[in-house]
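Dumped my_file.pdb below, it's PDB, C-alpha atoms, pLDDT in the B column:
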```
ATOM      1  CA  MET A  83     -28.459   4.128 -67.720  1.00 51.00           C
ATOM      2  CA  LEU A  84     -31.203   1.815 -66.538  1.00 51.00           C
ATOM      3  CA  VAL A  85     -28.622  -0.702 -65.305  1.00 54.00           C
ATOM      4  CA  SER A  86     -26.767   1.866 -63.287  1.00 58.00           C
ATOM      5  CA  GLN A  87     -30.024   3.098 -61.668  1.00 60.00           C
ATOM      6  CA  GLU A  88     -30.908  -0.490 -60.694  1.00 61.00           C
ATOM      7  CA  TYR A  89     -27.376  -1.039 -59.391  1.00 58.00           C
ATOM      8  CA  SER A  90     -27.412   2.201 -57.392  1.00 58.00           C
ATOM      9  CA  GLY A  91     -30.854   1.266 -56.077  1.00 59.00           C
ATOM     10  CA  GLU A  92     -29.466  -2.053 -54.790  1.00 61.00           C
ATOM     11  CA  ILE A  93     -26.583  -0.223 -53.151  1.00 57.00           C
ATOM     12  CA  MET A  94     -28.992   2.198 -51.487  1.00 57.00           C
ATOM     13  CA  LEU A  95     -31.131  -0.741 -50.293  1.00 53.00           C
ATOM     14  CA  LYS A  96     -28.070  -2.503 -48.831  1.00 58.00           C
ATOM     15  CA  MET A  97     -26.878   0.724 -47.200  1.00 54.00           C
ATOM     16  CA  SER A  98     -30.312   1.322 -45.703  1.00 57.00           C
ATOM     17  CA  ASN A  99     -30.122  -2.178 -44.149  1.00 59.00           C
ATOM     18  CA  PHE A 100     -26.732  -1.336 -42.601  1.00 55.00           C
ATOM     19  CA  LEU A 101     -27.798   2.074 -41.314  1.00 56.00           C
ATOM     20  CA  PRO A 102     -29.797   0.772 -38.305  1.00 61.00           C
ATOM     21  CA  MET A 103     -26.968  -1.642 -37.453  1.00 60.00           C
ATOM     22  CA  ALA A 104     -24.415   1.170 -37.645  1.00 60.00           C
ATOM     23  CA  VAL A 105     -26.560   3.348 -35.371  1.00 57.00           C
ATOM     24  CA  VAL A 106     -26.813   0.506 -32.845  1.00 57.00           C
ATOM     25  CA  CYS A 107     -23.049  -0.086 -32.965  1.00 49.00           C
ATOM     26  CA  LEU A 108     -22.268   3.612 -32.508  1.00 58.00           C
ATOM     27  CA  THR A 109     -24.731   3.830 -29.617  1.00 57.00           C
ATOM     28  CA  LEU A 110     -23.141   0.834 -27.898  1.00 53.00           C
ATOM     29  CA  LEU A 111     -19.653   2.211 -28.452  1.00 54.00           C
ATOM     30  CA  ALA A 112     -20.580   5.629 -27.075  1.00 56.00           C
ATOM     31  CA  SER A 113     -22.326   4.167 -24.029  1.00 56.00           C
ATOM     32  CA  SER A 114     -19.384   1.873 -23.246  1.00 54.00           C
ATOM     33  CA  LEU A 115     -16.981   4.805 -23.434  1.00 51.00           C
ATOM     34  CA  ILE A 116     -19.183   6.902 -21.176  1.00 51.00           C
ATOM     35  CA  SER A 117     -19.690   4.091 -18.636  1.00 48.00           C
ATOM     36  CA  GLY A 118     -15.967   3.257 -18.804  1.00 47.00           C
ATOM     37  CA  LYS A 119     -15.143   6.861 -17.946  1.00 46.00           C
ATOM     38  CA  PHE A 120     -17.694   6.743 -15.129  1.00 44.00           C
ATOM     39  CA  ILE A 121     -16.281   3.495 -13.726  1.00 43.00           C
ATOM     40  CA  PHE A 122     -12.716   4.822 -14.000  1.00 43.00           C
ATOM     41  CA  ALA A 123     -13.719   8.071 -12.291  1.00 42.00           C
ATOM     42  CA  GLN A 124     -15.582   6.124  -9.616  1.00 43.00           C
ATOM     43  CA  ASN A 125     -12.554   3.871  -8.937  1.00 43.00           C
ATOM     44  CA  LEU A 126     -10.268   6.893  -8.905  1.00 44.00           C
ATOM     45  CA  SER A 127     -12.493   8.704  -6.429  1.00 41.00           C
ATOM     46  CA  LEU A 128     -12.671   5.595  -4.218  1.00 43.00           C
ATOM     47  CA  ALA A 129      -8.868   5.312  -4.278  1.00 48.00           C
ATOM     48  CA  ASN A 130      -8.522   8.931  -3.165  1.00 53.00           C
ATOM     49  CA  GLN A 131     -11.141   8.768  -0.396  1.00 59.00           C
ATOM     50  CA  PRO A 132      -9.759   8.827   3.134  1.00 69.00           C
ATOM     51  CA  VAL A 133      -9.692   5.431   4.820  1.00 76.00           C
ATOM     52  CA  ASN A 134     -10.054   4.827   8.533  1.00 87.00           C
ATOM     53  CA  ILE A 135      -7.665   1.967   9.333  1.00 91.00           C
ATOM     54  CA  ALA A 136      -9.525   1.043  12.512  1.00 91.00           C
ATOM     55  CA  ASN A 137     -12.646   0.378  10.398  1.00 92.00           C
ATOM     56  CA  LEU A 138     -10.950  -1.952   7.878  1.00 94.00           C
ATOM     57  CA  VAL A 139     -12.047  -5.587   7.864  1.00 95.00           C
ATOM     58  CA  ASN A 140      -9.567  -8.220   9.025  1.00 96.00           C
ATOM     59  CA  GLY A 141      -6.926  -8.892   6.366  1.00 95.00           C
ATOM     60  CA  ARG A 142      -3.610  -7.873   4.807  1.00 96.00           C
ATOM     61  CA  TYR A 143      -2.996  -4.292   3.649  1.00 96.00           C
ATOM     62  CA  GLN A 144      -0.403  -1.917   2.261  1.00 95.00           C
ATOM     63  CA  PHE A 145      -0.584   1.852   2.689  1.00 96.00           C
ATOM     64  CA  CYS A 146       2.034   4.239   1.282  1.00 95.00           C
ATOM     65  CA  SER A 147       2.648   7.982   1.519  1.00 94.00           C
ATOM     66  CA  GLN A 148       2.620   8.261  -2.288  1.00 94.00           C
ATOM     67  CA  PRO A 149       0.133   6.841  -4.827  1.00 94.00           C
ATOM     68  CA  ASP A 150       0.685   3.443  -6.430  1.00 90.00           C
ATOM     69  CA  PRO A 151       3.465   3.966  -9.014  1.00 89.00           C
ATOM     70  CA  GLN A 152       1.798   1.452 -11.388  1.00 87.00           C
ATOM     71  CA  ASP A 153       5.179   0.018 -12.389  1.00 87.00           C
ATOM     72  CA  TRP A 154       7.686  -2.576 -11.172  1.00 88.00           C
ATOM     73  CA  ARG A 155       8.085  -0.955  -7.726  1.00 85.00           C
ATOM     74  CA  ASN A 156       6.373  -2.421  -4.666  1.00 89.00           C
ATOM     75  CA  GLY A 157       5.444   1.004  -3.386  1.00 91.00           C
ATOM     76  CA  ALA A 158       6.304   4.695  -3.395  1.00 92.00           C
ATOM     77  CA  GLY A 159       7.337   6.970  -0.574  1.00 93.00           C
ATOM     78  CA  VAL A 160       7.308   5.311   2.829  1.00 94.00           C
ATOM     79  CA  CYS A 161       4.937   2.351   3.322  1.00 95.00           C
ATOM     80  CA  PHE A 162       3.212   0.349   6.036  1.00 96.00           C
ATOM     81  CA  ASN A 163       2.602  -3.315   5.165  1.00 96.00           C
ATOM     82  CA  PHE A 164       0.431  -4.990   7.805  1.00 97.00           C
ATOM     83  CA  THR A 165      -2.180  -7.497   8.850  1.00 96.00           C
ATOM     84  CA  LYS A 166      -5.227  -6.442  10.834  1.00 96.00           C
ATOM     85  CA  ASN A 167      -7.219  -8.623  13.208  1.00 96.00           C
ATOM     86  CA  ARG A 168     -10.007  -6.684  14.934  1.00 93.00           C
ATOM     87  CA  ASN A 169      -8.241  -3.604  16.277  1.00 93.00           C
ATOM     88  CA  GLN A 170      -4.822  -5.339  16.474  1.00 96.00           C
ATOM     89  CA  VAL A 171      -2.272  -4.412  13.803  1.00 97.00           C
ATOM     90  CA  ASN A 172       1.024  -6.195  13.090  1.00 97.00           C
ATOM     91  CA  GLY A 173       3.326  -5.032  10.298  1.00 97.00           C
ATOM     92  CA  TYR A 174       6.373  -3.086   9.287  1.00 96.00           C
ATOM     93  CA  TYR A 175       6.939   0.486   8.242  1.00 96.00           C
ATOM     94  CA  GLY A 176       9.720   1.477   5.878  1.00 94.00           C
ATOM     95  CA  TYR A 177      11.009   2.414   2.482  1.00 93.00           C
ATOM     96  CA  PRO A 178      10.396  -0.098  -0.335  1.00 90.00           C
ATOM     97  CA  HIS A 179      13.516  -1.581  -1.975  1.00 85.00           C
ATOM     98  CA  SER A 180      15.728  -0.722   0.994  1.00 87.00           C
ATOM     99  CA  ASP A 181      16.705  -2.299   4.282  1.00 85.00           C
ATOM    100  CA  GLN A 182      15.225   0.633   6.212  1.00 89.00           C
ATOM    101  CA  PHE A 183      12.177  -0.667   8.058  1.00 94.00           C
ATOM    102  CA  ILE A 184      10.861  -1.144  11.564  1.00 96.00           C
ATOM    103  CA  CYS A 185       8.334  -3.686  12.821  1.00 96.00           C
ATOM    104  CA  ILE A 186       5.250  -2.196  14.456  1.00 97.00           C
ATOM    105  CA  ARG A 187       2.488  -3.891  16.421  1.00 97.00           C
ATOM    106  CA  GLY A 188      -0.294  -2.260  18.347  1.00 97.00           C
ATOM    107  CA  ILE A 189      -3.858  -0.999  18.390  1.00 97.00           C
ATOM    108  CA  ALA A 190      -5.497   0.924  15.543  1.00 96.00           C
ATOM    109  CA  GLU A 191      -7.389   4.042  16.598  1.00 94.00           C
ATOM    110  CA  GLY A 192      -8.614   5.833  13.480  1.00 93.00           C
ATOM    111  CA  ASN A 193      -5.497   6.195  11.299  1.00 95.00           C
ATOM    112  CA  GLN A 194      -3.134   6.048  14.275  1.00 96.00           C
ATOM    113  CA  ILE A 195      -1.326   2.888  15.390  1.00 97.00           C
ATOM    114  CA  ASN A 196      -0.152   2.931  19.010  1.00 97.00           C
ATOM    115  CA  GLY A 197       1.996   0.120  20.331  1.00 97.00           C
ATOM    116  CA  GLU A 198       5.632  -0.939  20.165  1.00 96.00           C
ATOM    117  CA  GLY A 199       8.389  -1.229  17.573  1.00 96.00           C
ATOM    118  CA  LEU A 200      11.256  -3.624  16.881  1.00 94.00           C
ATOM    119  CA  SER A 201      14.278  -3.185  14.645  1.00 91.00           C
ATOM    120  CA  ILE A 202      17.614  -4.789  13.895  1.00 81.00           C
ATOM    121  CA  VAL A 203      20.588  -2.423  13.784  1.00 78.00           C
ATOM    122  CA  TRP A 204      24.227  -3.141  12.994  1.00 67.00           C
ATOM    123  CA  ASP A 205      27.290  -1.561  14.543  1.00 63.00           C
ATOM    124  CA  ILE A 206      25.958   0.101  17.649  1.00 60.00           C
ATOM    125  CA  PRO A 207      27.379  -0.496  21.106  1.00 55.00           C
ATOM    126  CA  PRO A 208      24.910  -2.196  23.449  1.00 53.00           C
ATOM    127  CA  LYS A 209      23.579  -0.081  26.321  1.00 54.00           C
ATOM    128  CA  LYS A 210      22.327  -1.495  29.571  1.00 50.00           C
ATOM    129  CA  THR A 211      19.936   1.322  30.405  1.00 49.00           C
ATOM    130  CA  PRO A 212      16.812   2.168  28.402  1.00 55.00           C
ATOM    131  CA  ASP A 213      16.611   5.495  26.584  1.00 66.00           C
ATOM    132  CA  ALA A 214      13.258   7.207  27.197  1.00 74.00           C
ATOM    133  CA  ALA A 215      13.776  10.105  24.739  1.00 86.00           C
ATOM    134  CA  GLU A 216      11.181  10.418  21.978  1.00 90.00           C
ATOM    135  CA  PHE A 217      12.359  10.796  18.358  1.00 92.00           C
ATOM    136  CA  ASN A 218      11.035  10.698  14.802  1.00 92.00           C
ATOM    137  CA  TRP A 219      12.182   7.594  12.960  1.00 92.00           C
ATOM    138  CA  ASP A 220      11.471   8.928   9.458  1.00 91.00           C
ATOM    139  CA  SER A 221      12.041  12.286   7.798  1.00 88.00           C
ATOM    140  CA  GLU A 222       8.294  12.496   7.067  1.00 89.00           C
ATOM    141  CA  LYS A 223       7.652  12.393  10.858  1.00 93.00           C
ATOM    142  CA  HIS A 224       4.890   9.787  10.679  1.00 96.00           C
ATOM    143  CA  LEU A 225       6.559   7.391  13.155  1.00 96.00           C
ATOM    144  CA  THR A 226       7.560   8.447  16.669  1.00 95.00           C
ATOM    145  CA  LEU A 227       9.484   6.067  18.928  1.00 95.00           C
ATOM    146  CA  SER A 228      10.620   6.155  22.554  1.00 93.00           C
ATOM    147  CA  GLN A 229      11.530   3.989  25.542  1.00 91.00           C
ATOM    148  CA  THR A 230      14.379   2.275  23.686  1.00 86.00           C
ATOM    149  CA  ASN A 231      15.856  -1.001  24.962  1.00 83.00           C
ATOM    150  CA  ILE A 232      18.794  -2.612  23.166  1.00 79.00           C
ATOM    151  CA  LEU A 233      18.346  -6.340  23.477  1.00 77.00           C
ATOM    152  CA  ASN A 234      20.618  -9.304  22.910  1.00 65.00           C
ATOM    153  CA  THR A 235      23.016  -9.354  20.001  1.00 61.00           C
ATOM    154  CA  VAL A 236      22.091 -11.731  17.211  1.00 57.00           C
ATOM    155  CA  ASN A 237      24.233 -13.037  14.360  1.00 58.00           C
ATOM    156  CA  VAL A 238      22.828 -12.118  10.983  1.00 52.00           C
ATOM    157  CA  ASP A 239      25.050 -13.457   8.188  1.00 54.00           C
ATOM    158  CA  GLU A 240      27.930 -13.549  10.679  1.00 53.00           C
ATOM    159  CA  ASP A 241      27.627  -9.806  11.339  1.00 60.00           C
ATOM    160  CA  SER A 242      26.848  -8.534  14.786  1.00 65.00           C
ATOM    161  CA  ALA A 243      23.367  -7.048  14.963  1.00 71.00           C
ATOM    162  CA  ASN A 244      21.397  -5.621  17.864  1.00 78.00           C
ATOM    163  CA  ARG A 245      17.663  -5.957  18.257  1.00 85.00           C
ATOM    164  CA  ILE A 246      16.121  -2.773  19.529  1.00 90.00           C
ATOM    165  CA  LEU A 247      12.751  -2.768  21.206  1.00 93.00           C
ATOM    166  CA  TYR A 248      10.841   0.501  21.397  1.00 94.00           C
ATOM    167  CA  ARG A 249       8.236   0.158  24.138  1.00 95.00           C
ATOM    168  CA  LYS A 250       6.342   3.128  22.737  1.00 96.00           C
ATOM    169  CA  ALA A 251       5.645   3.538  19.015  1.00 96.00           C
ATOM    170  CA  SER A 252       3.101   5.842  17.411  1.00 97.00           C
ATOM    171  CA  LEU A 253       2.479   5.667  13.659  1.00 97.00           C
ATOM    172  CA  ASN A 254       0.205   8.206  11.953  1.00 96.00           C
ATOM    173  CA  LEU A 255      -1.094   7.056   8.541  1.00 95.00           C
ATOM    174  CA  GLU A 256      -3.353  10.048   7.895  1.00 94.00           C
ATOM    175  CA  GLY A 257      -3.303  10.909   4.177  1.00 93.00           C
ATOM    176  CA  PHE A 258      -1.672   7.626   3.109  1.00 95.00           C
ATOM    177  CA  TYR A 259      -2.849   5.804  -0.031  1.00 95.00           C
ATOM    178  CA  GLN A 260      -4.304   2.317   0.202  1.00 94.00           C
ATOM    179  CA  TYR A 261      -2.874  -0.007  -2.458  1.00 94.00           C
ATOM    180  CA  ASN A 262      -5.146  -2.598  -4.047  1.00 91.00           C
ATOM    181  CA  ARG A 263      -3.083  -5.429  -2.494  1.00 91.00           C
ATOM    182  CA  PRO A 264       0.115  -5.835  -0.433  1.00 92.00           C
ATOM    183  CA  ARG A 265       3.123  -6.173  -2.753  1.00 89.00           C
ATOM    184  CA  MET A 266       5.969  -5.850  -0.263  1.00 91.00           C
ATOM    185  CA  THR A 267       7.629  -8.771   1.553  1.00 89.00           C
ATOM    186  CA  PRO A 268       5.169 -10.526   3.909  1.00 90.00           C
ATOM    187  CA  VAL A 269       5.312  -9.339   7.521  1.00 92.00           C
ATOM    188  CA  SER A 270       6.057 -12.851   8.831  1.00 90.00           C
ATOM    189  CA  GLN A 271       9.355 -12.917   6.889  1.00 90.00           C
ATOM    190  CA  LEU A 272      10.695  -9.680   8.385  1.00 89.00           C
ATOM    191  CA  CYS A 273       9.242  -9.317  11.871  1.00 91.00           C
ATOM    192  CA  GLN A 274      10.240 -11.882  14.488  1.00 84.00           C
ATOM    193  CA  TRP A 275       8.864 -10.668  17.812  1.00 84.00           C
ATOM    194  CA  SER A 276      10.130 -13.496  20.023  1.00 76.00           C
ATOM    195  CA  LEU A 277      12.356 -11.638  22.451  1.00 60.00           C
ATOM    196  CA  LYS A 278      14.374 -14.536  23.859  1.00 52.00           C
TER     197      LYS A 278
END
```
Translate the structure of the given file into structure tokens.
Amino acid sequence: MLVSQEYSGEIMLKMSNFLPMAVVCLTLLASSLISGKFIFAQNLSLANQPVNIANLVNGRYQFCSQPDPQDWRNGAGVCFNFTKNRNQVNGYYGYPHSDQFICIRGIAEGNQINGEGLSIVWDIPPKKTPDAAEFNWDSEKHLTLSQTNILNTVNVDEDSANRILYRKASLNLEGFYQYNRPRMTPVSQLCQWSLK
């Protein structure tokens, strides 16, 4: 009986040495979980805060009408991939993983881009006169175009394509989500503005 009391006394002594360490570990674990939740909530709230495009620093950006899908897709909804230099914006607006896009360049005023648009369209007869009628390019009605001029025909993979210049383009990005980095094709690969 004496042996077992000494043995249980040693166990109690060892456990009492581990007790402060266990308390420290639990405290650290709890504080990291709490701060992790705070940081996550803070990042989430920053991602959902409205952004004024005119106030962004110079750089490359991607804004989409739906939140980042966090998967293999480059974006969700309809997106605007662009570079900003002072108040000048140059990019393209369209649906990721499709060939539906239009190049946009202009001036940023708040979350509105006002300028001109350029697209390549197949199988339309060329017109000599400009079309001044205003129309919505997308079903979401964020992009309005007018003052259409069909330019020279270009050969794209031996198909006949027409470049269409819209002298007036207005893109409203109010309520769009800013992605952490541009993931769509770079603007320079899709938008060739030389109108020769």
*Where does the PyMOL selection byres ((chain A and resi 168) around 9) land in this file, that is, which residues does it pick, as a PyMOL selection string?*
chain A and resi 136-140+166-167+169-171+190
*Would you work out the distance separating atom CA of A:Trp275 from atom CA of A:Ala251, expressed in Å to one decimal?*
14.6 Å
_Counting all atoms listed in the file, the residue of A:Asn193, A:Ser180, A:Gln144, A:Thr165 that sits nearest A:Asn262_ = A:Gln144
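Applied to the file shown here, the PyMOL selection byres ((chain A and resi 182) around 10) selects the residues Val160, Tyr175, Gly176, Tyr177, Pro178, His179, Ser180, Asp181, Phe183, Ile184, Ser201, Ile202, Val203 and Asp220 of chain A.
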_Chain and number of each residue from the PyMOL selection byres ((chain A and resi 232) around 6), as a PyMOL selection string_ = chain A and resi 231+233+246
